[in-house]
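Asks: As input, take structure.pdb (PDB, C-alpha atoms, pLDDT in the B column):
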ATOM      1  CA  MET A   1       0.000   0.000   0.000  1.00 48.00           C
ATOM      2  CA  THR A   2       1.184   3.504  -0.769  1.00 51.00           C
ATOM      3  CA  SER A   3       1.322   6.081   1.986  1.00 46.00           C
ATOM      4  CA  ALA A   4      -1.627   7.945   0.417  1.00 48.00           C
ATOM      5  CA  THR A   5      -3.696   4.765   0.382  1.00 48.00           C
ATOM      6  CA  GLU A   6      -2.689   3.939   3.960  1.00 49.00           C
ATOM      7  CA  HIS A   7      -3.675   7.461   4.993  1.00 45.00           C
ATOM      8  CA  ALA A   8      -7.075   7.085   3.325  1.00 50.00           C
ATOM      9  CA  PHE A   9      -7.884   3.924   5.276  1.00 49.00           C
ATOM     10  CA  THR A  10      -6.772   5.224   8.679  1.00 45.00           C
ATOM     11  CA  ALA A  11      -8.221   7.758  11.086  1.00 38.00           C
ATOM     12  CA  GLY A  12      -6.265  10.508   9.300  1.00 41.00           C
ATOM     13  CA  GLY A  13      -8.171  10.061   6.047  1.00 51.00           C
ATOM     14  CA  THR A  14     -11.808   9.852   5.133  1.00 51.00           C
ATOM     15  CA  GLY A  15     -11.767   6.082   5.530  1.00 85.00           C
ATOM     16  CA  ALA A  16     -13.473   3.592   3.286  1.00 92.00           C
ATOM     17  CA  ALA A  17     -16.760   3.760   5.164  1.00 93.00           C
ATOM     18  CA  ARG A  18     -17.696   7.319   4.166  1.00 93.00           C
ATOM     19  CA  PRO A  19     -17.717   6.832   0.373  1.00 94.00           C
ATOM     20  CA  LEU A  20     -19.586   3.550   0.779  1.00 95.00           C
ATOM     21  CA  LYS A  21     -22.190   5.133   3.065  1.00 95.00           C
ATOM     22  CA  LEU A  22     -22.584   8.136   0.777  1.00 95.00           C
ATOM     23  CA  ALA A  23     -22.845   6.022  -2.376  1.00 96.00           C
ATOM     24  CA  LEU A  24     -25.532   3.861  -0.772  1.00 96.00           C
ATOM     25  CA  LEU A  25     -27.390   6.878   0.605  1.00 95.00           C
ATOM     26  CA  PHE A  26     -27.366   8.811  -2.682  1.00 95.00           C
ATOM     27  CA  SER A  27     -28.271   5.752  -4.719  1.00 96.00           C
ATOM     28  CA  ILE A  28     -31.209   4.809  -2.499  1.00 97.00           C
ATOM     29  CA  LEU A  29     -32.454   8.420  -2.320  1.00 95.00           C
ATOM     30  CA  GLY A  30     -32.145   8.817  -6.095  1.00 95.00           C
ATOM     31  CA  GLU A  31     -34.008   5.583  -6.675  1.00 96.00           C
ATOM     32  CA  ALA A  32     -36.694   6.675  -4.189  1.00 97.00           C
ATOM     33  CA  VAL A  33     -37.269   9.802  -6.281  1.00 95.00           C
ATOM     34  CA  ILE A  34     -37.510   7.676  -9.426  1.00 95.00           C
ATOM     35  CA  LEU A  35     -39.930   5.323  -7.686  1.00 97.00           C
ATOM     36  CA  LEU A  36     -42.175   8.132  -6.461  1.00 97.00           C
ATOM     37  CA  VAL A  37     -42.203  10.191  -9.657  1.00 95.00           C
ATOM     38  CA  TRP A  38     -41.924   7.580 -12.400  1.00 95.00           C
ATOM     39  CA  GLY A  39     -43.250   4.456 -10.668  1.00 95.00           C
ATOM     40  CA  PHE A  40     -46.123   5.776  -8.577  1.00 97.00           C
ATOM     41  CA  TYR A  41     -47.134   9.157 -10.018  1.00 96.00           C
ATOM     42  CA  LEU A  42     -46.495   9.086 -13.785  1.00 94.00           C
ATOM     43  CA  PHE A  43     -46.904   5.342 -14.358  1.00 95.00           C
ATOM     44  CA  PRO A  44     -48.922   3.892 -11.455  1.00 95.00           C
ATOM     45  CA  LYS A  45     -49.942   0.659 -13.204  1.00 94.00           C
ATOM     46  CA  GLY A  46     -48.128  -2.548 -12.314  1.00 93.00           C
ATOM     47  CA  SER A  47     -47.037  -4.107  -9.061  1.00 95.00           C
ATOM     48  CA  TRP A  48     -45.970  -1.442  -6.559  1.00 96.00           C
ATOM     49  CA  PHE A  49     -44.133  -4.141  -4.575  1.00 97.00           C
ATOM     50  CA  ASN A  50     -42.085  -5.159  -7.614  1.00 96.00           C
ATOM     51  CA  LYS A  51     -41.345  -1.518  -8.431  1.00 96.00           C
ATOM     52  CA  THR A  52     -40.206  -0.884  -4.864  1.00 97.00           C
ATOM     53  CA  MET A  53     -37.973  -3.954  -4.809  1.00 96.00           C
ATOM     54  CA  TRP A  54     -36.500  -3.062  -8.206  1.00 95.00           C
ATOM     55  CA  THR A  55     -35.689   0.543  -7.358  1.00 95.00           C
ATOM     56  CA  LEU A  56     -34.763   0.549  -3.683  1.00 95.00           C
ATOM     57  CA  VAL A  57     -33.245  -2.904  -3.214  1.00 95.00           C
ATOM     58  CA  TYR A  58     -31.803  -4.148  -6.504  1.00 94.00           C
ATOM     59  CA  CYS A  59     -30.842  -0.796  -8.017  1.00 94.00           C
ATOM     60  CA  GLY A  60     -30.473   1.339  -4.892  1.00 95.00           C
ATOM     61  CA  VAL A  61     -28.459  -1.031  -2.739  1.00 96.00           C
ATOM     62  CA  GLY A  62     -26.824  -2.845  -5.656  1.00 95.00           C
ATOM     63  CA  MET A  63     -25.675   0.231  -7.551  1.00 94.00           C
ATOM     64  CA  GLY A  64     -24.771   2.135  -4.394  1.00 95.00           C
ATOM     65  CA  GLY A  65     -22.644  -0.705  -3.074  1.00 96.00           C
ATOM     66  CA  ALA A  66     -20.958  -1.328  -6.410  1.00 96.00           C
ATOM     67  CA  PHE A  67     -20.243   2.345  -7.030  1.00 96.00           C
ATOM     68  CA  GLY A  68     -18.985   2.862  -3.482  1.00 96.00           C
ATOM     69  CA  ALA A  69     -16.614  -0.067  -3.953  1.00 96.00           C
ATOM     70  CA  VAL A  70     -15.329   1.424  -7.226  1.00 96.00           C
ATOM     71  CA  LEU A  71     -14.609   4.703  -5.413  1.00 96.00           C
ATOM     72  CA  VAL A  72     -12.843   3.001  -2.518  1.00 96.00           C
ATOM     73  CA  LEU A  73     -10.772   0.670  -4.680  1.00 96.00           C
ATOM     74  CA  GLY A  74     -10.169   2.996  -7.607  1.00 95.00           C
ATOM     75  CA  LEU A  75      -9.945   6.566  -6.354  1.00 95.00           C
ATOM     76  CA  LEU A  76      -9.631   6.745  -2.565  1.00 94.00           C
ATOM     77  CA  GLY A  77      -6.053   7.495  -1.622  1.00 92.00           C
ATOM     78  CA  ARG A  78      -5.011   7.971  -5.244  1.00 94.00           C
ATOM     79  CA  VAL A  79      -6.584  11.321  -6.138  1.00 94.00           C
ATOM     80  CA  ASP A  80      -8.106  14.099  -4.068  1.00 93.00           C
ATOM     81  CA  GLY A  81      -9.682  17.507  -4.470  1.00 95.00           C
ATOM     82  CA  TRP A  82     -11.542  18.765  -7.495  1.00 96.00           C
ATOM     83  CA  ARG A  83      -9.840  16.313  -9.834  1.00 97.00           C
ATOM     84  CA  ALA A  84     -11.382  13.474  -7.825  1.00 96.00           C
ATOM     85  CA  VAL A  85     -14.771  15.234  -7.825  1.00 97.00           C
ATOM     86  CA  GLY A  86     -14.658  15.383 -11.629  1.00 97.00           C
ATOM     87  CA  LEU A  87     -13.604  11.741 -11.900  1.00 97.00           C
ATOM     88  CA  THR A  88     -16.384  10.693  -9.518  1.00 97.00           C
ATOM     89  CA  ALA A  89     -18.976  12.595 -11.552  1.00 98.00           C
ATOM     90  CA  LEU A  90     -17.630  11.075 -14.776  1.00 97.00           C
ATOM     91  CA  LEU A  91     -17.580   7.531 -13.348  1.00 97.00           C
ATOM     92  CA  SER A  92     -21.090   7.966 -11.978  1.00 97.00           C
ATOM     93  CA  THR A  93     -22.389   9.266 -15.300  1.00 97.00           C
ATOM     94  CA  VAL A  94     -20.858   6.391 -17.264  1.00 97.00           C
ATOM     95  CA  MET A  95     -21.368   3.533 -14.800  1.00 96.00           C
ATOM     96  CA  LEU A  96     -24.800   4.469 -13.441  1.00 95.00           C
ATOM     97  CA  GLY A  97     -26.219   6.948 -15.939  1.00 95.00           C
ATOM     98  CA  LEU A  98     -25.296   5.069 -19.094  1.00 96.00           C
ATOM     99  CA  PHE A  99     -24.658   1.413 -18.259  1.00 96.00           C
ATOM    100  CA  CYS A 100     -27.140   0.785 -15.428  1.00 94.00           C
ATOM    101  CA  ASN A 101     -29.769   3.039 -16.944  1.00 95.00           C
ATOM    102  CA  THR A 102     -29.512   1.259 -20.299  1.00 96.00           C
ATOM    103  CA  LEU A 103     -30.038  -2.064 -18.530  1.00 95.00           C
ATOM    104  CA  CYS A 104     -33.069  -0.635 -16.696  1.00 94.00           C
ATOM    105  CA  LEU A 105     -34.416   0.791 -19.952  1.00 95.00           C
ATOM    106  CA  ARG A 106     -34.182  -2.609 -21.607  1.00 96.00           C
ATOM    107  CA  LEU A 107     -35.813  -4.338 -18.624  1.00 94.00           C
ATOM    108  CA  ASP A 108     -38.572  -1.750 -18.418  1.00 95.00           C
ATOM    109  CA  MET A 109     -39.348  -2.236 -22.095  1.00 94.00           C
ATOM    110  CA  THR A 110     -40.485  -5.709 -21.001  1.00 94.00           C
ATOM    111  CA  PHE A 111     -42.143  -4.898 -17.672  1.00 93.00           C
ATOM    112  CA  GLY A 112     -43.566  -1.441 -18.389  1.00 92.00           C
ATOM    113  CA  TYR A 113     -43.215  -0.198 -14.814  1.00 94.00           C
ATOM    114  CA  PHE A 114     -41.518   3.181 -15.339  1.00 94.00           C
ATOM    115  CA  GLY A 115     -42.555   4.465 -18.757  1.00 92.00           C
ATOM    116  CA  ALA A 116     -39.585   3.431 -20.873  1.00 92.00           C
ATOM    117  CA  GLN A 117     -41.902   2.173 -23.606  1.00 92.00           C
ATOM    118  CA  GLY A 118     -43.418   5.588 -24.241  1.00 92.00           C
ATOM    119  CA  ALA A 119     -40.770   7.955 -22.898  1.00 92.00           C
ATOM    120  CA  GLY A 120     -37.465   6.152 -23.437  1.00 92.00           C
ATOM    121  CA  LEU A 121     -35.417   9.266 -24.210  1.00 95.00           C
ATOM    122  CA  LEU A 122     -36.721  11.097 -21.141  1.00 94.00           C
ATOM    123  CA  PHE A 123     -36.115   7.941 -19.091  1.00 93.00           C
ATOM    124  CA  MET A 124     -32.453   7.901 -20.196  1.00 95.00           C
ATOM    125  CA  LEU A 125     -31.908  11.649 -19.806  1.00 96.00           C
ATOM    126  CA  ASN A 126     -33.345  11.580 -16.290  1.00 94.00           C
ATOM    127  CA  GLY A 127     -30.956   8.798 -15.259  1.00 94.00           C
ATOM    128  CA  ILE A 128     -27.924  10.470 -16.823  1.00 96.00           C
ATOM    129  CA  VAL A 129     -28.591  13.870 -15.233  1.00 97.00           C
ATOM    130  CA  MET A 130     -29.331  12.383 -11.802  1.00 96.00           C
ATOM    131  CA  SER A 131     -26.164  10.261 -11.964  1.00 96.00           C
ATOM    132  CA  ALA A 132     -23.971  13.187 -12.998  1.00 97.00           C
ATOM    133  CA  LEU A 133     -25.303  15.497 -10.270  1.00 97.00           C
ATOM    134  CA  GLY A 134     -25.248  12.790  -7.613  1.00 96.00           C
ATOM    135  CA  GLY A 135     -21.708  11.798  -8.579  1.00 97.00           C
ATOM    136  CA  ALA A 136     -20.508  15.395  -8.335  1.00 97.00           C
ATOM    137  CA  VAL A 137     -22.015  15.855  -4.864  1.00 97.00           C
ATOM    138  CA  LEU A 138     -20.710  12.462  -3.751  1.00 96.00           C
ATOM    139  CA  GLY A 139     -17.241  13.352  -5.010  1.00 96.00           C
ATOM    140  CA  TRP A 140     -17.340  16.725  -3.265  1.00 96.00           C
ATOM    141  CA  MET A 141     -18.403  15.116   0.031  1.00 95.00           C
ATOM    142  CA  THR A 142     -15.702  12.450  -0.267  1.00 94.00           C
ATOM    143  CA  PHE A 143     -12.698  14.184  -1.788  1.00 95.00           C
ATOM    144  CA  THR A 144     -12.691  17.816  -0.601  1.00 94.00           C
ATOM    145  CA  ASP A 145     -11.912  19.142   2.863  1.00 93.00           C
ATOM    146  CA  ARG A 146     -15.093  21.201   2.999  1.00 94.00           C
ATOM    147  CA  GLY A 147     -17.188  18.299   1.726  1.00 93.00           C
ATOM    148  CA  ARG A 148     -15.689  15.854   4.249  1.00 91.00           C
ATOM    149  CA  ALA A 149     -16.687  18.226   7.063  1.00 91.00           C
ATOM    150  CA  PHE A 150     -20.265  18.368   5.755  1.00 90.00           C
ATOM    151  CA  GLY A 151     -22.962  16.047   7.016  1.00 84.00           C
ATOM    152  CA  PRO A 152     -23.993  14.349  10.238  1.00 85.00           C
ATOM    153  CA  ASP A 153     -21.535  12.408  12.399  1.00 83.00           C
ATOM    154  CA  TRP A 154     -22.826   8.990  11.281  1.00 82.00           C
ATOM    155  CA  LEU A 155     -21.655   9.782   7.743  1.00 79.00           C
ATOM    156  CA  LYS A 156     -18.089  10.527   8.812  1.00 75.00           C
TER     157      LYS A 156
END
Turn the structure described in the file into structure tokens.
Replies:
Amino acid sequence: MTSATEHAFTAGGTGAARPLKLALLFSILGEAVILLVWGFYLFPKGSWFNKTMWTLVYCGVGMGGAFGAVLVLGLLGRVDGWRAVGLTALLSTVMLGLFCNTLCLRLDMTFGYFGAQGAGLLFMLNGIVMSALGGAVLGWMTFTDRGRAFGPDWLK
């Protein structure tokens, strides 16, 4: 381990727990917004249980955990500051906004839970924008001094 990586995993750095917690939190909150707006309000037909499981459990926990692990293993202790914020936003946009959202689009074309059949472009744009913004905030809260100081104690 390099000294920067050692620092990141000790009390002197942000630790691996913060990016994982933040990635899970942002992913679950983002998916909750999608569930409420797209799954319950705009397209209320279909199983609300299945929609909830899909968004909050499979996508929210799955994507949040996977993306948090990518941050911890790929960026934490290697880059810091605004460069890391930009990389986090870029990774989030590509990994979650493009790849995961394309998978969800294809699945929703079959299930019809979230409107991909009639509003596929809007479905994709929504996911890309939310992933880019969420990634930027997540990067700021993980990789900048001011961002690391922000938030309740249980996130630190």
Asks: Give the answer as one residue: which of A:Arg18, A:Lys51, A:Lys45, A:Arg146 has the shortest atom-to-atom distance to Leu71 of chain A, using all atoms listed in the file?
Replies: A:Arg18
Asks: Run the PyMOL selection byres ((chain A and resi 67) around 8) mentally over the shown coordinates, then write out the matched residues as a list in words, using the chain letters and numbers from the document.
Replies: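 Evaluating the PyMOL selection byres ((chain A and resi 67) around 8) on these coordinates yields Leu20, Ala23, Met63, Gly64, Gly65, Ala66, Gly68, Ala69, Val70, Leu71, Ser92 and Met95 of chain A.
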Asks: Neighbours of Leu155 of chain A within 9 Å (only C-alpha atoms; same-chain residues fewer than 2 positions away dropped), as a short mmCIF file (atom, residue, chain, number, x, y, z; two decimals) with C-alpha atoms, in the frame of the given file?
Replies:
data_model
loop_
_atom_site.label_atom_id
_atom_site.label_comp_id
_atom_site.auth_asym_id
_atom_site.auth_seq_id
_atom_site.Cartn_x
_atom_site.Cartn_y
_atom_site.Cartn_z
CA ALA A 17 -16.76 3.76 5.16
CA ARG A 18 -17.70 7.32 4.17
CA PRO A 19 -17.72 6.83 0.37
CA LYS A 21 -22.19 5.13 3.06
CA LEU A 22 -22.58 8.14 0.78
CA PHE A 150 -20.26 18.37 5.76
CA GLY A 151 -22.96 16.05 7.02
CA PRO A 152 -23.99 14.35 10.24
CA ASP A 153 -21.54 12.41 12.40
#
Asks: With the PyMOL selection byres ((chain A and resi 116) around 12) as the selection, what would be picked from this file? Answer as a VMD selection string, please.
Replies: chain A and resid 38 to 39 42 to 43 101 to 115 117 to 127
Asks: Could you tell me which of A:Met141, A:Leu98, A:Leu35, A:Ala149 comes closest to Gly81 of chain A if we count only C-alpha atoms?
Replies: A:Met141
Asks: With a distance cut-off of 9 Å and all atoms listed in the file, select the neighbouring residues of Thr144 of chain A, excluding the residue or stretch itself and same-chain residues fewer than 3 positions from it, and output the selection as a list in words.
Replies: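 Contacts, with the query itself left out: Asp80, Gly81, Trp82, Ala84, Val85, Gly139, Trp140, Met141, Gly147, Arg148 and Ala149 of chain A.
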Asks: Starting from the displayed file, determine the output of the PyMOL selection byres ((chain A and resi 26) around 9) and express the residue list as a PDB file with C-alpha atoms, in the coordinates of the input.
Replies:
ATOM      1  CA  LYS A  21     -22.190   5.133   3.065  1.00 95.00           C
ATOM      2  CA  LEU A  22     -22.584   8.136   0.777  1.00 95.00           C
ATOM      3  CA  ALA A  23     -22.845   6.022  -2.376  1.00 96.00           C
ATOM      4  CA  LEU A  24     -25.532   3.861  -0.772  1.00 96.00           C
ATOM      5  CA  LEU A  25     -27.390   6.878   0.605  1.00 95.00           C
ATOM      6  CA  SER A  27     -28.271   5.752  -4.719  1.00 96.00           C
ATOM      7  CA  ILE A  28     -31.209   4.809  -2.499  1.00 97.00           C
ATOM      8  CA  LEU A  29     -32.454   8.420  -2.320  1.00 95.00           C
ATOM      9  CA  GLY A  30     -32.145   8.817  -6.095  1.00 95.00           C
ATOM     10  CA  GLU A  31     -34.008   5.583  -6.675  1.00 96.00           C
ATOM     11  CA  GLY A  60     -30.473   1.339  -4.892  1.00 95.00           C
ATOM     12  CA  GLY A  64     -24.771   2.135  -4.394  1.00 95.00           C
ATOM     13  CA  GLY A 134     -25.248  12.790  -7.613  1.00 96.00           C
ATOM     14  CA  GLY A 135     -21.708  11.798  -8.579  1.00 97.00           C
ATOM     15  CA  LEU A 138     -20.710  12.462  -3.751  1.00 96.00           C
TER      16      LEU A 138
END
Asks: Could you tell me how far atom CA of Val61 of chain A lies from atom CA of Leu96 of chain A, in Å and to one decimal?
Replies: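 According to the coordinates, atom CA of Val61 of chain A and atom CA of Leu96 of chain A are separated by 12.6 Å.
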Asks: Rounded to one decimal, what separation in Å do you get between atom CA of Thr93 of chain A and atom CA of Ile128 of chain A?
Replies: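 The value is 5.9 Å.
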Asks: Using Å and a single decimal, report how far atom CA of Ile34 of chain A sits from atom CA of Thr52 of chain A.
Replies: 10.1 Å
Asks: Report, as AutoDock Vina command-line options, the centre and edge lengths in Å (one decimal) of the axis-aligned box enclosing every listed atom of segment 96-107 of chain A, padded by 6 Å on each side.
Replies:
--center_x -30.2 --center_y 1.3 --center_z -17.5 --size_x 23.2 --size_y 23.3 --size_z 20.2
Asks: For each of A:Gly15, A:Ser131, A:Ser47, A:Val94, take the minimum atom-to-atom distance to Leu73 of chain A, counting only C-alpha atoms, then give the residue where this is smallest.
Replies: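 When distances to Leu73 of chain A are compared using only C-alpha atoms, the smallest one comes from A:Gly15.
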